[in-house]
>>> print(open('start_21.cif').read())   # mmCIF, C-alpha atoms, pLDDT in the B column; chains and numbers go by the auth columns
data_upload
loop_
_atom_site.group_PDB
_atom_site.id
_atom_site.type_symbol
_atom_site.label_atom_id
_atom_site.label_comp_id
_atom_site.label_asym_id
_atom_site.label_seq_id
_atom_site.Cartn_x
_atom_site.Cartn_y
_atom_site.Cartn_z
_atom_site.B_iso_or_equiv
_atom_site.auth_seq_id
_atom_site.auth_asym_id
ATOM 1 C CA MET A 1 64.237 140.957 119.151 42.00 1189 A
ATOM 2 C CA ILE A 2 67.408 142.648 120.338 41.00 1190 A
ATOM 3 C CA ASN A 3 68.107 139.794 122.736 50.00 1191 A
ATOM 4 C CA SER A 4 67.480 137.304 119.923 51.00 1192 A
ATOM 5 C CA ILE A 5 69.959 139.082 117.669 57.00 1193 A
ATOM 6 C CA SER A 6 72.489 139.289 120.486 69.00 1194 A
ATOM 7 C CA ASP A 7 72.164 135.553 121.244 78.00 1195 A
ATOM 8 C CA TRP A 8 72.698 134.731 117.582 79.00 1196 A
ATOM 9 C CA GLU A 9 75.768 136.947 117.379 79.00 1197 A
ATOM 10 C CA GLU A 10 77.217 135.239 120.451 82.00 1198 A
ATOM 11 C CA LYS A 11 76.638 131.818 118.894 84.00 1199 A
ATOM 12 C CA GLN A 12 78.243 133.023 115.668 85.00 1200 A
ATOM 13 C CA LYS A 13 81.406 133.827 117.587 87.00 1201 A
ATOM 14 C CA GLY A 14 81.503 130.220 118.754 89.00 1202 A
ATOM 15 C CA TYR A 15 81.262 128.985 115.180 90.00 1203 A
ATOM 16 C CA LEU A 16 84.087 131.354 114.216 91.00 1204 A
ATOM 17 C CA VAL A 17 86.315 129.880 116.933 93.00 1205 A
ATOM 18 C CA VAL A 18 85.523 126.329 115.771 93.00 1206 A
ATOM 19 C CA SER A 19 86.199 127.302 112.157 94.00 1207 A
ATOM 20 C CA VAL A 20 89.607 128.783 112.963 95.00 1208 A
ATOM 21 C CA LEU A 21 90.654 125.858 115.166 96.00 1209 A
ATOM 22 C CA CYS A 22 89.607 123.276 112.564 95.00 1210 A
ATOM 23 C CA LEU A 23 91.482 125.215 109.888 95.00 1211 A
ATOM 24 C CA ILE A 24 94.657 125.181 112.001 96.00 1212 A
ATOM 25 C CA PHE A 25 94.472 121.490 112.860 96.00 1213 A
ATOM 26 C CA GLY A 26 93.318 120.574 109.348 94.00 1214 A
ATOM 27 C CA THR A 27 96.329 122.384 107.888 95.00 1215 A
ATOM 28 C CA TYR A 28 98.601 120.472 110.273 94.00 1216 A
ATOM 29 C CA PHE A 29 97.282 117.094 109.095 92.00 1217 A
ATOM 30 C CA PHE A 30 97.327 118.267 105.454 93.00 1218 A
ATOM 31 C CA ILE A 31 101.019 119.153 105.709 93.00 1219 A
ATOM 32 C CA LYS A 32 101.762 115.779 107.295 91.00 1220 A
ATOM 33 C CA VAL A 33 99.997 113.961 104.445 91.00 1221 A
ATOM 34 C CA ILE A 34 101.609 115.847 101.552 89.00 1222 A
ATOM 35 C CA SER A 35 105.052 115.682 103.185 88.00 1223 A
ATOM 36 C CA GLY A 36 104.823 111.922 103.589 88.00 1224 A
ATOM 37 C CA SER A 37 105.187 112.030 107.370 87.00 1225 A
ATOM 38 C CA TYR A 38 102.917 109.027 107.805 90.00 1226 A
ATOM 39 C CA ALA A 39 105.049 106.804 105.589 91.00 1227 A
ATOM 40 C CA ILE A 40 107.818 104.579 106.914 93.00 1228 A
ATOM 41 C CA GLU A 41 110.816 104.209 104.603 92.00 1229 A
ATOM 42 C CA LYS A 42 113.209 101.285 104.659 90.00 1230 A
ATOM 43 C CA SER A 43 115.933 103.697 105.727 93.00 1231 A
ATOM 44 C CA ASP A 44 113.899 104.346 108.903 94.00 1232 A
ATOM 45 C CA LEU A 45 114.212 100.689 109.921 96.00 1233 A
ATOM 46 C CA GLU A 46 116.830 98.648 111.742 95.00 1234 A
ATOM 47 C CA VAL A 47 116.966 94.992 110.672 95.00 1235 A
ATOM 48 C CA TYR A 48 117.746 92.106 113.021 95.00 1236 A
ATOM 49 C CA GLU A 49 118.469 88.745 111.427 94.00 1237 A
ATOM 50 C CA ASN A 50 118.742 85.152 112.636 94.00 1238 A
ATOM 51 C CA LEU A 51 116.292 85.475 115.501 96.00 1239 A
ATOM 52 C CA ILE A 52 114.810 82.168 116.665 96.00 1240 A
ATOM 53 C CA ILE A 53 111.168 81.942 117.687 96.00 1241 A
ATOM 54 C CA SER A 54 110.628 80.781 121.297 96.00 1242 A
ATOM 55 C CA ASN A 55 106.888 81.450 121.551 93.00 1243 A
ATOM 56 C CA ALA A 56 105.007 81.145 118.272 94.00 1244 A
ATOM 57 C CA PRO A 57 102.871 84.089 117.082 95.00 1245 A
ATOM 58 C CA LYS A 58 99.487 84.392 118.790 94.00 1246 A
ATOM 59 C CA PHE A 59 96.463 86.521 117.977 93.00 1247 A
ATOM 60 C CA LYS A 60 95.513 88.977 120.720 90.00 1248 A
ATOM 61 C CA GLU A 61 92.497 91.213 121.144 88.00 1249 A
ATOM 62 C CA ARG A 62 91.515 93.836 123.678 86.00 1250 A
ATOM 63 C CA LYS A 63 87.917 95.002 123.787 86.00 1251 A
ATOM 64 C CA GLY A 64 86.374 98.116 125.239 77.00 1252 A
ATOM 65 C CA LYS A 65 87.090 101.804 124.707 77.00 1253 A
ATOM 66 C CA ARG A 66 90.689 101.163 123.692 78.00 1254 A
ATOM 67 C CA SER A 67 89.984 98.028 121.694 83.00 1255 A
ATOM 68 C CA ARG A 68 92.681 96.759 119.377 87.00 1256 A
ATOM 69 C CA LYS A 69 93.926 93.595 117.691 91.00 1257 A
ATOM 70 C CA TRP A 70 97.500 92.482 117.292 94.00 1258 A
ATOM 71 C CA ILE A 71 99.850 89.498 116.940 95.00 1259 A
ATOM 72 C CA GLU A 72 102.699 88.903 119.359 95.00 1260 A
ATOM 73 C CA PHE A 73 105.603 86.465 119.670 96.00 1261 A
ATOM 74 C CA ASN A 74 108.917 86.048 121.468 95.00 1262 A
ATOM 75 C CA CYS A 75 112.406 85.001 120.454 95.00 1263 A
ATOM 76 C CA ILE A 76 115.175 83.057 122.178 94.00 1264 A
ATOM 77 C CA ASN A 77 117.667 85.135 124.200 88.00 1265 A
ATOM 78 C CA ASN A 78 115.619 88.296 123.744 92.00 1266 A
ATOM 79 C CA GLN A 79 113.453 89.967 126.377 92.00 1267 A
ATOM 80 C CA SER A 80 111.192 91.826 123.942 93.00 1268 A
ATOM 81 C CA THR A 81 107.651 90.850 123.087 94.00 1269 A
ATOM 82 C CA PHE A 82 107.454 91.575 119.379 95.00 1270 A
ATOM 83 C CA GLU A 83 104.125 92.871 118.119 95.00 1271 A
ATOM 84 C CA ILE A 84 102.427 93.297 114.765 95.00 1272 A
ATOM 85 C CA THR A 85 99.942 96.047 115.478 94.00 1273 A
ATOM 86 C CA GLY A 86 98.302 99.207 114.213 90.00 1274 A
ATOM 87 C CA TYR A 87 98.451 99.861 110.477 91.00 1275 A
ATOM 88 C CA ASP A 88 100.769 96.884 109.922 93.00 1276 A
ATOM 89 C CA TYR A 89 98.127 94.563 111.367 92.00 1277 A
ATOM 90 C CA SER A 90 95.517 96.086 109.029 91.00 1278 A
ATOM 91 C CA CYS A 91 97.546 94.830 106.058 92.00 1279 A
ATOM 92 C CA VAL A 92 98.799 91.481 107.347 92.00 1280 A
ATOM 93 C CA ASN A 93 97.360 88.044 106.644 91.00 1281 A
ATOM 94 C CA ASP A 94 97.234 86.969 110.281 88.00 1282 A
ATOM 95 C CA GLU A 95 96.408 83.340 109.448 91.00 1283 A
ATOM 96 C CA GLU A 96 99.627 83.046 107.420 94.00 1284 A
ATOM 97 C CA VAL A 97 101.712 84.460 110.264 95.00 1285 A
ATOM 98 C CA ILE A 98 100.117 82.250 112.910 94.00 1286 A
ATOM 99 C CA ASN A 99 100.042 79.049 110.845 94.00 1287 A
ATOM 100 C CA GLU A 100 103.380 79.303 109.021 96.00 1288 A
ATOM 101 C CA ILE A 101 105.733 80.629 111.708 95.00 1289 A
ATOM 102 C CA LYS A 102 106.468 78.072 114.410 95.00 1290 A
ATOM 103 C CA THR A 103 108.627 77.707 117.511 96.00 1291 A
ATOM 104 C CA GLY A 104 112.233 77.139 116.471 95.00 1292 A
ATOM 105 C CA ASP A 105 111.920 78.965 113.149 96.00 1293 A
ATOM 106 C CA THR A 106 114.635 81.455 112.191 96.00 1294 A
ATOM 107 C CA ILE A 107 113.351 84.860 111.161 96.00 1295 A
ATOM 108 C CA SER A 108 114.441 88.432 110.587 96.00 1296 A
ATOM 109 C CA ILE A 109 112.533 91.474 111.728 96.00 1297 A
ATOM 110 C CA ALA A 110 112.786 95.249 111.346 96.00 1298 A
ATOM 111 C CA ILE A 111 111.870 97.943 113.850 95.00 1299 A
ATOM 112 C CA LEU A 112 111.969 101.712 113.694 95.00 1300 A
ATOM 113 C CA LYS A 113 115.345 103.168 114.586 94.00 1301 A
ATOM 114 C CA ASN A 114 113.444 105.470 116.927 91.00 1302 A
ATOM 115 C CA ASP A 115 112.275 102.381 118.837 89.00 1303 A
ATOM 116 C CA LEU A 116 115.715 100.818 119.351 91.00 1304 A
ATOM 117 C CA ASN A 117 115.491 101.476 123.084 89.00 1305 A
ATOM 118 C CA ASP A 118 112.655 98.938 123.255 85.00 1306 A
ATOM 119 C CA PHE A 119 114.694 96.168 121.613 91.00 1307 A
ATOM 120 C CA ASN A 120 115.769 93.371 123.940 90.00 1308 A
ATOM 121 C CA THR A 121 113.968 94.896 126.897 89.00 1309 A
ATOM 122 C CA GLN A 122 110.847 93.855 128.779 87.00 1310 A
ATOM 123 C CA ASN A 123 108.856 96.374 126.745 86.00 1311 A
ATOM 124 C CA SER A 124 106.731 95.442 123.758 91.00 1312 A
ATOM 125 C CA CYS A 125 108.452 96.153 120.450 93.00 1313 A
ATOM 126 C CA GLU A 126 106.448 96.911 117.307 94.00 1314 A
ATOM 127 C CA ILE A 127 107.852 95.429 114.100 95.00 1315 A
ATOM 128 C CA HIS A 128 107.419 96.570 110.492 96.00 1316 A
ATOM 129 C CA SER A 129 109.014 93.633 108.716 95.00 1317 A
ATOM 130 C CA LEU A 130 108.870 89.894 109.344 96.00 1318 A
ATOM 131 C CA ILE A 131 110.752 87.554 107.033 96.00 1319 A
ATOM 132 C CA LYS A 132 111.056 83.781 107.071 96.00 1320 A
ATOM 133 C CA ASN A 133 112.717 81.866 104.233 95.00 1321 A
ATOM 134 C CA ASP A 134 112.808 85.053 102.111 93.00 1322 A
ATOM 135 C CA LYS A 135 109.030 85.518 102.478 95.00 1323 A
ATOM 136 C CA GLU A 136 107.925 88.929 103.744 96.00 1324 A
ATOM 137 C CA TYR A 137 104.780 88.711 105.858 96.00 1325 A
ATOM 138 C CA LEU A 138 104.285 92.455 106.335 95.00 1326 A
ATOM 139 C CA ASP A 139 103.402 94.866 103.527 94.00 1327 A
ATOM 140 C CA LEU A 140 105.073 98.204 104.221 94.00 1328 A
ATOM 141 C CA ARG A 141 103.539 99.835 101.149 93.00 1329 A
ATOM 142 C CA CYS A 142 100.033 98.860 102.253 94.00 1330 A
ATOM 143 C CA ARG A 143 100.746 100.031 105.803 94.00 1331 A
ATOM 144 C CA ASN A 144 101.880 103.435 104.524 93.00 1332 A
ATOM 145 C CA GLU A 145 98.794 103.797 102.330 91.00 1333 A
ATOM 146 C CA VAL A 146 96.420 102.961 105.197 92.00 1334 A
ATOM 147 C CA ASP A 147 98.145 105.320 107.644 92.00 1335 A
ATOM 148 C CA THR A 148 98.322 108.163 105.116 91.00 1336 A
ATOM 149 C CA GLY A 149 94.678 107.579 104.172 89.00 1337 A
ATOM 150 C CA GLY A 150 93.708 108.008 107.818 90.00 1338 A
ATOM 151 C CA GLY A 151 95.477 111.359 107.994 91.00 1339 A
ATOM 152 C CA LYS A 152 93.845 112.413 104.744 91.00 1340 A
ATOM 153 C CA ARG A 153 90.363 111.639 106.043 91.00 1341 A
ATOM 154 C CA ILE A 154 91.033 113.641 109.195 92.00 1342 A
ATOM 155 C CA PHE A 155 92.107 116.806 107.366 93.00 1343 A
ATOM 156 C CA LEU A 156 89.190 116.528 104.917 94.00 1344 A
ATOM 157 C CA ILE A 157 86.720 116.325 107.802 94.00 1345 A
ATOM 158 C CA LEU A 158 88.374 119.259 109.572 95.00 1346 A
ATOM 159 C CA PHE A 159 88.387 121.350 106.385 94.00 1347 A
ATOM 160 C CA SER A 160 84.719 120.482 105.824 94.00 1348 A
ATOM 161 C CA ILE A 161 83.847 121.634 109.342 94.00 1349 A
ATOM 162 C CA THR A 162 85.879 124.801 108.697 95.00 1350 A
ATOM 163 C CA ILE A 163 83.872 125.593 105.563 94.00 1351 A
ATOM 164 C CA LEU A 164 80.450 124.954 107.068 93.00 1352 A
ATOM 165 C CA THR A 165 81.075 126.737 110.370 93.00 1353 A
ATOM 166 C CA ALA A 166 82.482 129.702 108.434 93.00 1354 A
ATOM 167 C CA ILE A 167 79.298 129.794 106.376 91.00 1355 A
ATOM 168 C CA VAL A 168 77.168 129.755 109.542 89.00 1356 A
ATOM 169 C CA TYR A 169 79.312 132.546 111.005 89.00 1357 A
ATOM 170 C CA SER A 170 78.873 134.675 107.893 88.00 1358 A
ATOM 171 C CA LEU A 171 75.043 134.509 107.896 85.00 1359 A
ATOM 172 C CA PRO A 172 73.662 138.022 108.553 82.00 1360 A
ATOM 173 C CA LYS A 173 70.743 136.683 110.579 83.00 1361 A
ATOM 174 C CA LYS A 174 69.612 133.427 112.087 82.00 1362 A
ATOM 175 C CA PRO A 175 67.808 131.225 109.517 82.00 1363 A
ATOM 176 C CA LYS A 176 64.359 129.977 110.512 84.00 1364 A
ATOM 177 C CA LEU A 177 65.605 126.451 109.829 84.00 1365 A
ATOM 178 C CA PHE A 178 67.847 126.709 112.886 83.00 1366 A
ATOM 179 C CA ASP A 179 64.730 127.074 115.056 79.00 1367 A
ATOM 180 C CA ILE A 180 63.643 123.628 113.871 86.00 1368 A
ATOM 181 C CA VAL A 181 66.947 121.793 113.480 84.00 1369 A
ATOM 182 C CA ASP A 182 70.008 122.307 115.678 85.00 1370 A
ATOM 183 C CA PRO A 183 72.714 123.935 113.489 84.00 1371 A
ATOM 184 C CA ILE A 184 75.307 121.663 115.120 87.00 1372 A
ATOM 185 C CA LEU A 185 73.470 118.675 113.640 90.00 1373 A
ATOM 186 C CA ILE A 186 73.385 120.330 110.218 88.00 1374 A
ATOM 187 C CA VAL A 187 77.105 121.160 110.393 90.00 1375 A
ATOM 188 C CA GLY A 188 77.939 117.625 111.580 90.00 1376 A
ATOM 189 C CA ILE A 189 76.015 115.785 108.858 91.00 1377 A
ATOM 190 C CA GLY A 190 77.027 118.317 106.226 91.00 1378 A
ATOM 191 C CA SER A 191 80.709 117.973 107.154 91.00 1379 A
ATOM 192 C CA ILE A 192 80.605 114.200 106.775 90.00 1380 A
ATOM 193 C CA LEU A 193 78.926 114.456 103.363 92.00 1381 A
ATOM 194 C CA LEU A 194 81.279 117.198 102.170 91.00 1382 A
ATOM 195 C CA ALA A 195 84.340 115.295 103.418 89.00 1383 A
ATOM 196 C CA PHE A 196 83.153 112.193 101.531 88.00 1384 A
ATOM 197 C CA ILE A 197 82.709 114.195 98.333 88.00 1385 A
ATOM 198 C CA LEU A 198 86.146 115.786 98.725 85.00 1386 A
ATOM 199 C CA TYR A 199 87.658 112.368 99.403 82.00 1387 A
ATOM 200 C CA LEU A 200 86.237 111.015 96.134 82.00 1388 A
ATOM 201 C CA ILE A 201 87.520 114.067 94.246 81.00 1389 A
ATOM 202 C CA THR A 202 91.019 113.751 95.737 75.00 1390 A
ATOM 203 C CA LEU A 203 91.469 109.980 95.493 68.00 1391 A
ATOM 204 C CA GLU A 204 94.595 110.436 93.406 57.00 1392 A
ATOM 205 C CA LEU A 205 96.317 112.669 95.986 51.00 1393 A
#
>>> encode(input="start_21.cif", output="structure tokens")
Amino acid sequence: MINSISDWEEKQKGYLVVSVLCLIFGTYFFIKVISGSYAIEKSDLEVYENLIISNAPKFKERKGKRSRKWIEFNCINNQSTFEITGYDYSCVNDEEVINEIKTGDTISIAILKNDLNDFNTQNSCEIHSLIKNDKEYLDLRCRNEVDTGGGKRIFLILFSITILTAIVYSLPKKPKLFDIVDPILIVGIGSILLAFILYLITLEL
């Protein structure tokens, strides 16, 4: 009995460590969301006009552990391979980009000022605006909402894990249920359900 109690107390310490770590990381993501760190403002962008397409936009996909989808194209007298990727790609109508932008077309693009070192180099260069004939093909507002939503889901999951692991830590003795079902499984499923409920409650945040 003493050994059983001791084992449970040792496991409780592990749940306490997880609870504290998730609280710290959850707070970090929470601060990023409420401060708008995920959003890109127009003032963060550098615009380049009158670029001429040399290789028309093409859809690309990489499968496997680091799978991703993106669109890339090149321009005359510029070494960069311009890419529409990440959260921008999630919001773009890729068929419009591929079918409406052709070799020889004149466009303007915008990249992050922090990425200026990648412009006109042999590196890939992610863009956040693509305009042809006054038509904007990328939706910055949508991109910001998707990126911010991702951060929000992360901190809700971490806070949910914090709550449930703290509850497990605070239990005075090991519940009989934990002899039947692994508490990690209960915490995992419970955290997902709690995070979903919190997400629905905080949709307006």
>>> resolve_selection(input="start_21.cif", expression="the PyMOL selection byres ((chain A and resi 1279) around 7)", output="count of residues only")
9
>>> closest_residue(input="start_21.cif", among="A:Ile1380, A:Val1208, A:Leu1388, A:Ile1342", to="Lys1220 in chain A", atoms="all atoms listed in the file")
A:Ile1342
>>> resolve_selection(input="start_21.cif", expression="the PyMOL selection byres ((chain A and resi 1367-1372) around 12)", output="list of chain:residue names")
A:Ser1192, A:Trp1196, A:Lys1199, A:Gln1200, A:Gly1202, A:Tyr1203, A:Val1206, A:Ile1349, A:Leu1352, A:Thr1353, A:Ile1355, A:Val1356, A:Tyr1357, A:Lys1362, A:Pro1363, A:Lys1364, A:Leu1365, A:Phe1366, A:Leu1373, A:Ile1374, A:Val1375, A:Gly1376, A:Ile1377, A:Gly1378, A:Ser1379
>>> write_last_selection(input="start_21.cif", atoms="C-alpha atoms", output="PDB file, in the coordinates of the input")
ATOM      1  CA  SER A1192      67.480 137.304 119.923  1.00 51.00           C
ATOM      2  CA  TRP A1196      72.698 134.731 117.582  1.00 79.00           C
ATOM      3  CA  LYS A1199      76.638 131.818 118.894  1.00 84.00           C
ATOM      4  CA  GLN A1200      78.243 133.023 115.668  1.00 85.00           C
ATOM      5  CA  GLY A1202      81.503 130.220 118.754  1.00 89.00           C
ATOM      6  CA  TYR A1203      81.262 128.985 115.180  1.00 90.00           C
ATOM      7  CA  VAL A1206      85.523 126.329 115.771  1.00 93.00           C
ATOM      8  CA  ILE A1349      83.847 121.634 109.342  1.00 94.00           C
ATOM      9  CA  LEU A1352      80.450 124.954 107.068  1.00 93.00           C
ATOM     10  CA  THR A1353      81.075 126.737 110.370  1.00 93.00           C
ATOM     11  CA  ILE A1355      79.298 129.794 106.376  1.00 91.00           C
ATOM     12  CA  VAL A1356      77.168 129.755 109.542  1.00 89.00           C
ATOM     13  CA  TYR A1357      79.312 132.546 111.005  1.00 89.00           C
ATOM     14  CA  LYS A1362      69.612 133.427 112.087  1.00 82.00           C
ATOM     15  CA  PRO A1363      67.808 131.225 109.517  1.00 82.00           C
ATOM     16  CA  LYS A1364      64.359 129.977 110.512  1.00 84.00           C
ATOM     17  CA  LEU A1365      65.605 126.451 109.829  1.00 84.00           C
ATOM     18  CA  PHE A1366      67.847 126.709 112.886  1.00 83.00           C
ATOM     19  CA  LEU A1373      73.470 118.675 113.640  1.00 90.00           C
ATOM     20  CA  ILE A1374      73.385 120.330 110.218  1.00 88.00           C
ATOM     21  CA  VAL A1375      77.105 121.160 110.393  1.00 90.00           C
ATOM     22  CA  GLY A1376      77.939 117.625 111.580  1.00 90.00           C
ATOM     23  CA  ILE A1377      76.015 115.785 108.858  1.00 91.00           C
ATOM     24  CA  GLY A1378      77.027 118.317 106.226  1.00 91.00           C
ATOM     25  CA  SER A1379      80.709 117.973 107.154  1.00 91.00           C
TER      26      SER A1379
END
>>> atom_distance(input="start_21.cif", atom1="CA of Leu1346 in chain A", atom2="CA of Ala1227 in chain A")
21.2 Å
>>> closest_residue(input="start_21.cif", among="A:Leu1204, A:Ile1295, A:Ile1385, A:Val1285", to="Ile1264 in chain A", atoms="all atoms listed in the file")
A:Ile1295
>>> residues_around(input="start_21.cif", residues="Pro1245 in chain A", least_positions_apart="6", cutoff="8 Å", atoms="only C-alpha atoms", output="ChimeraX atom specification")
/A:1259-1262,1285-1286,1289-1290
>>> resolve_selection(input="start_21.cif", expression="the PyMOL selection byres ((chain A and resi 1294) around 10)", output="list of chain:residue names")
A:Glu1237, A:Asn1238, A:Leu1239, A:Ile1240, A:Ile1241, A:Ser1242, A:Cys1263, A:Ile1289, A:Lys1290, A:Thr1291, A:Gly1292, A:Asp1293, A:Ile1295, A:Ser1296, A:Ile1319, A:Lys1320, A:Asn1321
>>> atom_distance(input="start_21.cif", atom1="CA of Ile1315 in chain A", atom2="CA of Ala1298 in chain A")
5.7 Å
>>> atom_distance(input="start_21.cif", atom1="CA of Glu1324 in chain A", atom2="CA of Asp1306 in chain A")
22.4 Å
>>> closest_residue(input="start_21.cif", among="A:Thr1269, A:Ser1225, A:Ser1348, A:Thr1309", to="Leu1386 in chain A", atoms="all atoms listed in the file")
A:Ser1348
>>> axis_aligned_box(input="start_21.cif", around="range 1355-1367 of chain A", padding_each_side="8 Å", output="AutoDock Vina command-line options")
--center_x 71.8 --center_y 132.2 --center_z 110.7 --size_x 31.0 --size_y 27.6 --size_z 24.7
>>> closest_residue(input="start_21.cif", among="A:His1316, A:Lys1323, A:Arg1341, A:Lys1301", to="Asp1232 in chain A", atoms="all atoms listed in the file")
A:Lys1301
>>> closest_residue(input="start_21.cif", among="A:Ser1255, A:Asp1335, A:Ala1354, A:Ala1383", to="Tyr1226 in chain A", atoms="all atoms listed in the file")
A:Asp1335
>>> closest_residue(input="start_21.cif", among="A:Lys1340, A:Arg1329, A:Lys1246, A:Lys1201", to="Glu1283 in chain A", atoms="all atoms listed in the file")
A:Lys1246
